[in-house]
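Enquirer: A single structure is presented below for examination.
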Amino acid sequence: MATRSEIHLELVELSGHVIAQGGWSATLRADCLFRTARLAKPGHRCRLLQGTQEIKPSTPLAAVDLSLGTCIQVVWIANYTDSYKSHSNAFAAIKANGSVVTWGRLPIGAIPLGRSPTEGVVRGCATHGAFAAILAGGSVVTWGDSLRGGDSSAVAALLTEGVVQVVATDMAFAALKANGSVVTWGKGGRGGDASSVAALLAEGVAQVCGNVGAFVARLSNGSVVTWGSPHFGGDSSKVAQHLTEGVVQVCGTNTACAALMIDGSVVTWGDDAAGGDSSGVASLLTEGVVEVYSNYRDFVALKADGSVVFWGDTGSWSHEGDIVEVVGSGGAFAAIRQNGSVLA
């Protein structure tokens, strides 16, 4: 039963499924609700609505209008942070009929293999020379440079069904299956060989992301598994003690990785120059972070109070304000303020 110092709320999906319910201290901000919601779908972004009113992470819980009820609607947002970065010099277009059209340039010395599918494609991604496409039935088709993931024959039997996501480094692919397992192929040193962590990737994987040379998998128990080039984050041993539980999001620049923890702190590793070293802003990343964004070179952390923290190849700084969302391109960021204006 909620007391005067508590606010009793229910977090409910559009389907009517209740994610969580209970009392939260009225002294908290709504970022605690976002963290609770994301435990149900780790790695996914969401919006919180109370009727037609949107609740932001920076909203004080004391400001929630209980006359509108105690039900908070959780609306999940498609997360494209793992797929917007392409490592290829070529393009692939998925047509309405499920066929694929490709164009561009293969790397010098590439050994082309296979052809693009003519139907059934629902999603795809690319290395620096090869493509992988998920078909409607959950199978995967690959084509392009055989040395960069275009040849998936060694794991073909594992790619006939159940694949829900494929991500890439510059020379390897990783496929996440509906049963929580991960299948890899391509250049071994770039993440194509996950044999050293195979037992940890057999089940329970909730999210996978890749940068130029390494993969990061976040498991449903909140731990993290890494493999691939050590310099690019494939070796997370220096921060391993922080990655055994409580991770709710992972993302990466081209050569570094970051993990958002359930307590609102951030852990980084990989190439120091590209964000693996966050010591310059470490005191700002110990609590209150609700989302981490990345581009090729830098990270940005959005905090519950509307401030942002920036670190990576182009330096480190913070901005106090009323930021509600950040969007990253290849080498830049833009932030949306509460009043709808843009900070770039």
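If you're wondering about the labels, chains in the structure tokens are A, B, ... by order shown, residues count from 1 in each chain, ligands from 1 in order shown.
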Could you find all residues in stretch 120-296 of chain A that DSSP calls strand (DSSP E) from the backbone, and write them as a PyMOL selection string?
Expert: chain A and resi 121-126+130-135+140-145+163-168+172-177+182-186+205-210+214-219+224-228+247-252+256-261+266-270+289-294
Enquirer: Skipping near chain neighbours, those fewer than 4 positions away, what residues fall within 9 Å of A:Leu200 using only C-alpha atoms, listed as a PyMOL selection string?
Expert: chain A and resi 181+204-205+219+225
Enquirer: Check the smallest atom-to-atom distance from each of A:Phe34, A:Arg297, A:Leu284, A:Val74 to A:His319 using only C-alpha atoms, then report the winner.
Expert: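 The closest residue to A:His319 is A:Leu284.
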Enquirer: Counting only C-alpha atoms, what is within 6 Å of stretch 132-142 of chain A, bar same-chain residues fewer than 2 positions away, as a list in words?
Expert: Gly120, Val121, Val122, Arg123, Gly124, Cys125, Gly150, Leu159, Thr160, Glu161, Gly162 and Val163 of chain A
Enquirer: Taking only C-alpha atoms into account, name the residue in A:Ala178, A:Leu243, A:Ala273, A:Ala157 that is nearest to A:Val216.
Expert: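 Nearest candidate to A:Val216 out of A:Ala178, A:Leu243, A:Ala273, A:Ala157: A:Leu243.
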Enquirer: Rounded to one decimal in Å, what is the spacing between atom CA of A:Ala62 and atom CA of A:Asp322?
Expert: 18.1 Å
